[in-house]
$ cat my_file-v3.cif   # mmCIF, C-alpha atoms
data_start
#
loop_
_atom_site.group_PDB
_atom_site.id
_atom_site.type_symbol
_atom_site.label_atom_id
_atom_site.label_comp_id
_atom_site.auth_asym_id
_atom_site.auth_seq_id
_atom_site.Cartn_x
_atom_site.Cartn_y
_atom_site.Cartn_z
ATOM 1 C CA MET A 1 -12.522 26.810 84.294
ATOM 2 C CA ALA A 2 -11.005 29.172 81.695
ATOM 3 C CA ILE A 3 -13.103 31.079 79.232
ATOM 4 C CA HIS A 4 -11.840 31.103 75.648
ATOM 5 C CA THR A 5 -11.681 34.686 74.384
ATOM 6 C CA PRO A 6 -10.317 35.206 70.862
ATOM 7 C CA ILE A 7 -8.063 38.228 70.512
ATOM 8 C CA THR A 8 -8.161 38.406 66.711
ATOM 9 C CA ALA A 9 -11.086 38.587 64.346
ATOM 10 C CA PRO A 10 -12.129 35.206 62.908
ATOM 11 C CA ALA A 11 -11.511 36.466 59.363
ATOM 12 C CA PHE A 12 -7.989 37.707 60.173
ATOM 13 C CA PRO A 13 -5.632 36.622 57.363
ATOM 14 C CA GLU A 14 -2.573 34.729 58.498
ATOM 15 C CA ALA A 15 0.368 36.700 57.078
ATOM 16 C CA SER A 16 2.976 34.072 57.872
ATOM 17 C CA SER A 17 1.313 31.526 55.577
ATOM 18 C CA ALA A 18 1.192 34.040 52.703
ATOM 19 C CA PHE A 19 4.773 35.265 53.046
ATOM 20 C CA THR A 20 7.523 33.068 51.683
ATOM 21 C CA HIS A 21 11.177 33.942 51.885
ATOM 22 C CA THR A 22 13.293 34.505 48.818
ATOM 23 C CA PRO A 23 17.086 34.528 48.639
ATOM 24 C CA VAL A 24 16.895 38.328 48.911
ATOM 25 C CA THR A 25 14.777 38.316 52.087
ATOM 26 C CA HIS A 26 17.067 35.740 53.695
ATOM 27 C CA GLN A 27 20.145 37.777 52.848
ATOM 28 C CA PHE A 28 18.453 41.024 53.886
ATOM 29 C CA ALA A 29 17.972 39.553 57.354
ATOM 30 C CA ALA A 30 21.715 38.834 57.448
ATOM 31 C CA VAL A 31 22.457 42.422 56.382
ATOM 32 C CA MET A 32 20.213 43.748 59.164
ATOM 33 C CA ARG A 33 21.965 41.558 61.732
ATOM 34 C CA ASP A 34 25.431 42.546 60.520
ATOM 35 C CA LEU A 35 24.483 46.224 60.391
ATOM 36 C CA ALA A 36 23.276 46.061 64.001
ATOM 37 C CA ASP A 37 26.583 44.425 64.984
ATOM 38 C CA TYR A 38 28.490 47.163 63.162
ATOM 39 C CA ILE A 39 26.522 49.877 64.952
ATOM 40 C CA GLU A 40 27.287 48.294 68.329
ATOM 41 C CA ALA A 41 30.980 47.952 67.476
ATOM 42 C CA GLU A 42 31.113 51.618 66.496
ATOM 43 C CA ARG A 43 29.319 52.579 69.714
ATOM 44 C CA ASP A 44 31.987 50.725 71.684
ATOM 45 C CA LEU A 45 34.611 52.862 69.973
ATOM 46 C CA GLU A 46 32.797 56.071 70.886
ATOM 47 C CA HIS A 47 33.375 55.386 74.559
ATOM 48 C CA CYS A 48 36.955 54.235 74.542
ATOM 49 C CA GLY A 49 40.148 56.199 74.656
ATOM 50 C CA SER A 50 43.560 55.352 73.312
ATOM 51 C CA TRP A 51 44.674 54.787 76.911
ATOM 52 C CA ASP A 52 42.202 51.924 77.236
ATOM 53 C CA PRO A 53 43.900 48.511 76.747
ATOM 54 C CA ALA A 54 40.755 47.198 75.044
ATOM 55 C CA CYS A 55 40.799 49.972 72.425
ATOM 56 C CA ASP A 56 42.863 47.960 69.916
ATOM 57 C CA ALA A 57 40.502 45.015 70.189
ATOM 58 C CA TRP A 58 37.465 47.265 69.755
ATOM 59 C CA ILE A 59 39.019 48.835 66.672
ATOM 60 C CA ARG A 60 39.627 45.375 65.187
ATOM 61 C CA ASP A 61 36.070 44.339 66.085
ATOM 62 C CA ALA A 62 34.649 47.423 64.373
ATOM 63 C CA GLU A 63 36.749 46.813 61.263
ATOM 64 C CA ARG A 64 35.592 43.180 61.128
ATOM 65 C CA ALA A 65 31.963 44.228 61.626
ATOM 66 C CA ARG A 66 32.277 46.787 58.820
ATOM 67 C CA THR A 67 33.744 44.164 56.511
ATOM 68 C CA ARG A 68 30.983 41.686 57.413
ATOM 69 C CA VAL A 69 28.181 44.138 56.694
ATOM 70 C CA LEU A 70 29.714 45.207 53.378
ATOM 71 C CA ASP A 71 30.210 41.549 52.399
ATOM 72 C CA ALA A 72 26.591 40.790 53.340
ATOM 73 C CA ILE A 73 25.451 43.697 51.157
ATOM 74 C CA ALA A 74 27.525 42.334 48.263
ATOM 75 C CA ASP A 75 25.907 38.919 48.775
ATOM 76 C CA LEU A 76 22.475 40.554 48.785
ATOM 77 C CA ARG A 77 23.223 42.260 45.491
ATOM 78 C CA ALA A 78 24.258 38.913 44.013
ATOM 79 C CA ALA A 79 21.077 37.178 45.201
ATOM 80 C CA PRO A 80 18.516 36.602 42.445
ATOM 81 C CA THR A 81 15.453 38.851 42.475
ATOM 82 C CA CYS A 82 12.428 36.545 42.594
ATOM 83 C CA ARG A 83 9.642 39.117 42.966
ATOM 84 C CA ARG A 84 9.210 42.859 42.686
ATOM 85 C CA GLU A 85 9.036 43.184 46.490
ATOM 86 C CA ASP A 86 12.730 42.241 46.606
ATOM 87 C CA LEU A 87 13.737 45.502 44.926
ATOM 88 C CA PRO A 88 13.123 47.862 47.892
ATOM 89 C CA LEU A 89 15.248 45.542 50.039
ATOM 90 C CA LYS A 90 18.128 45.707 47.587
ATOM 91 C CA ARG A 91 17.818 49.486 47.297
ATOM 92 C CA SER A 92 17.818 49.857 51.081
ATOM 93 C CA ALA A 93 20.988 47.790 51.310
ATOM 94 C CA ASP A 94 22.550 50.060 48.701
ATOM 95 C CA LEU A 95 21.717 53.018 50.961
ATOM 96 C CA ALA A 96 23.504 51.302 53.828
ATOM 97 C CA GLN A 97 26.629 50.789 51.754
ATOM 98 C CA MET A 98 26.606 54.393 50.570
ATOM 99 C CA LEU A 99 26.142 55.588 54.140
ATOM 100 C CA ILE A 100 28.958 53.411 55.498
ATOM 101 C CA GLU A 101 31.313 54.574 52.750
ATOM 102 C CA SER A 102 30.303 58.253 52.869
ATOM 103 C CA ASP A 103 32.919 60.814 53.740
ATOM 104 C CA CYS A 104 31.058 64.069 54.382
ATOM 105 C CA PRO A 105 28.044 65.184 56.421
ATOM 106 C CA GLU A 106 26.220 66.537 53.370
ATOM 107 C CA GLN A 107 26.460 63.153 51.703
ATOM 108 C CA VAL A 108 25.059 61.443 54.814
ATOM 109 C CA ARG A 109 22.164 63.924 54.885
ATOM 110 C CA ASP A 110 21.412 63.357 51.198
ATOM 111 C CA ILE A 111 21.535 59.568 51.540
ATOM 112 C CA LEU A 112 19.138 59.593 54.480
ATOM 113 C CA ALA A 113 16.730 61.820 52.535
ATOM 114 C CA LEU A 114 16.458 59.466 49.544
ATOM 115 C CA PRO A 115 13.646 57.246 50.941
ATOM 116 C CA ASP A 116 11.507 60.313 51.617
ATOM 117 C CA ARG A 117 12.285 61.880 48.248
ATOM 118 C CA PHE A 118 11.613 58.679 46.290
ATOM 119 C CA PRO A 119 9.127 56.640 48.359
ATOM 120 C CA ASP A 120 8.117 54.457 45.408
ATOM 121 C CA PHE A 121 11.645 53.041 45.233
ATOM 122 C CA PHE A 122 11.795 52.114 48.909
ATOM 123 C CA ARG A 123 8.244 50.868 49.523
ATOM 124 C CA CYS A 124 6.075 48.166 48.045
ATOM 125 C CA ALA A 125 2.935 48.985 46.140
ATOM 126 C CA GLY A 126 -0.219 47.235 47.243
ATOM 127 C CA ASP A 127 -1.566 45.823 50.457
ATOM 128 C CA SER A 128 -0.657 42.160 50.146
ATOM 129 C CA PRO A 129 0.916 40.315 53.081
ATOM 130 C CA VAL A 130 4.222 40.234 51.194
ATOM 131 C CA SER A 131 4.144 43.988 50.589
ATOM 132 C CA ARG A 132 3.296 44.721 54.209
ATOM 133 C CA ARG A 133 6.048 42.432 55.474
ATOM 134 C CA VAL A 134 8.670 43.931 53.164
ATOM 135 C CA ASP A 135 7.591 47.453 54.135
ATOM 136 C CA LEU A 136 8.066 46.520 57.797
ATOM 137 C CA MET A 137 11.533 45.141 57.017
ATOM 138 C CA VAL A 138 12.469 48.338 55.184
ATOM 139 C CA ALA A 139 11.110 50.510 58.022
ATOM 140 C CA ALA A 140 13.181 48.597 60.582
ATOM 141 C CA PHE A 141 16.227 48.889 58.358
ATOM 142 C CA GLN A 142 15.751 52.641 57.986
ATOM 143 C CA GLN A 143 15.789 52.903 61.777
ATOM 144 C CA HIS A 144 19.182 51.186 61.706
ATOM 145 C CA LEU A 145 20.382 53.666 59.093
ATOM 146 C CA ARG A 146 19.227 56.646 61.179
ATOM 147 C CA THR A 147 20.977 55.167 64.215
ATOM 148 C CA LEU A 148 24.137 54.660 62.183
ATOM 149 C CA ALA A 149 24.019 58.299 61.093
ATOM 150 C CA THR A 150 23.963 59.460 64.728
ATOM 151 C CA LEU A 151 27.317 57.853 65.527
ATOM 152 C CA SER A 152 30.222 60.197 66.056
ATOM 153 C CA ASP A 153 32.018 58.970 62.919
ATOM 154 C CA PHE A 154 29.180 60.371 60.860
ATOM 155 C CA THR A 155 28.229 63.450 62.874
ATOM 156 C CA GLY A 156 31.793 64.547 63.591
ATOM 157 C CA MET A 157 33.203 64.350 60.073
ATOM 158 C CA VAL A 158 35.848 66.932 59.298
ATOM 159 C CA GLU A 159 36.690 68.046 55.791
ATOM 160 C CA ALA A 160 40.160 66.918 54.737
ATOM 161 C CA GLU A 161 40.875 70.372 53.311
ATOM 162 C CA ASP A 162 40.308 72.087 56.669
ATOM 163 C CA PRO A 163 43.334 74.386 57.141
ATOM 164 C CA ALA A 164 42.966 74.286 60.931
ATOM 165 C CA ILE A 165 44.162 70.680 60.963
ATOM 166 C CA GLU A 166 47.789 70.315 60.063
ATOM 167 C CA PRO A 167 49.307 67.303 61.801
ATOM 168 C CA ASP A 168 52.822 67.975 60.505
ATOM 169 C CA ASP A 169 52.942 71.515 61.884
ATOM 170 C CA PRO A 170 55.805 71.589 64.460
ATOM 171 C CA LEU A 171 54.050 74.279 66.477
ATOM 172 C CA THR A 172 51.205 71.903 67.364
ATOM 173 C CA LEU A 173 53.487 69.480 69.195
ATOM 174 C CA LEU A 174 53.275 69.518 72.934
ATOM 175 C CA ALA A 175 56.232 70.871 74.849
ATOM 176 C CA PRO A 176 58.105 68.371 77.011
ATOM 177 C CA ALA A 177 57.182 68.318 80.668
ATOM 178 C CA ALA A 178 59.458 70.413 82.877
#

$ encode --input "my_file-v3.cif" --output "structure tokens"
Amino acid sequence: MAIHTPITAPAFPEASSAFTHTPVTHQFAAVMRDLADYIEAERDLEHCGSWDPACDAWIRDAERARTRVLDAIADLRAAPTCRREDLPLKRSADLAQMLIESDCPEQVRDILALPDRFPDFFRCAGDSPVSRRVDLMVAAFQQHLRTLATLSDFTGMVEAEDPAIEPDDPLTLLAPAA
């Protein structure tokens, strides 16, 4: 015979009954999913070479994933804000778009520092179940952003004005094999 042993306190509030989704939270979940897909597509590109027959398909997949995540962010922006807890979700999505579209390492560093510099904009005030849930969503999303920033496209950015890179220089062409 089994003995019933409760694992939660009897007065434990049920967060799922207090949290209701809004159009923003639904769309934020789609942005998180699409961002994770984009990260995986970019990781596939890190490990392929131009000699690999699958490289073209991986490039197309990464471009499609990038388009999907940016479209999902645009849809999130268009979603109506139903409560103040929706605002940190929208701001976090804006960070993702800025990070994806960034073109220099300093910009990536500054974007990633924004939640720490302005915590009131990226966290919910209070201790309600909705605030806690949104804070957890934002924390998970920030992990995605940090992962995105570790990809080689972001860590290996080269300034366009770098004089060491001149693709049209005839001296940089390889000599024909003898």

$ residues_around --input "my_file-v3.cif" --residues "Phe121 of chain A" --least-positions-apart "6" --cutoff "9 Å" --atoms "all atoms listed in the file" --output "mmCIF file with C-alpha atoms, in the coordinates of the input"
data_model
loop_
_atom_site.group_PDB
_atom_site.id
_atom_site.type_symbol
_atom_site.label_atom_id
_atom_site.label_comp_id
_atom_site.auth_asym_id
_atom_site.auth_seq_id
_atom_site.Cartn_x
_atom_site.Cartn_y
_atom_site.Cartn_z
ATOM 1 C CA LEU A 87 13.737 45.502 44.926
ATOM 2 C CA PRO A 88 13.123 47.862 47.892
ATOM 3 C CA ARG A 91 17.818 49.486 47.297
ATOM 4 C CA PRO A 115 13.646 57.246 50.941
#

$ residues_around --input "my_file-v3.cif" --residues "segment 129-134 of chain A" --least-positions-apart "3" --cutoff "12 Å" --atoms "all atoms listed in the file" --output "MDAnalysis selection string"
chainID A and resid 12:22 24:26 28:29 83:90 92 122:126 137:141

$ atom_distance --input "my_file-v3.cif" --atom1 "atom CA of Cys82 of chain A" --atom2 "atom CA of Leu35 of chain A"
23.6 Å

$ resolve_selection --input "my_file-v3.cif" --expression "the PyMOL selection byres ((chain A and resi 42) around 12)" --output "number ranges by chain"
A: 35-41, 43-48, 55, 58-66, 100, 147-154

$ atom_distance --input "my_file-v3.cif" --atom1 "atom CA of Arg68 of chain A" --atom2 "atom CA of Glu101 of chain A"
13.7 Å

$ closest_residue --input "my_file-v3.cif" --among "A:Asp52, A:Asp34, A:Asp116, A:Asp103" --to "Leu70 of chain A" --atoms "all atoms listed in the file"
A:Asp34

$ atom_distance --input "my_file-v3.cif" --atom1 "atom CA of Pro80 of chain A" --atom2 "atom CA of Ala93 of chain A"
14.5 Å

$ closest_residue --input "my_file-v3.cif" --among "A:Met32, A:Pro53, A:Arg146, A:Arg77" --to "Arg109 of chain A" --atoms "only C-alpha atoms"
A:Arg146

$ closest_residue --input "my_file-v3.cif" --among "A:Leu112, A:Ile73, A:Ala30, A:Ala57" --to "Leu99 of chain A" --atoms "all atoms listed in the file"
A:Leu112

$ axis_aligned_box --input "my_file-v3.cif" --around "segment 36-49 of chain A" --padding-each-side "5 Å" --output "AutoDock Vina command-line options"
--center_x 31.7 --center_y 50.3 --center_z 68.9 --size_x 26.9 --size_y 21.8 --size_z 21.5
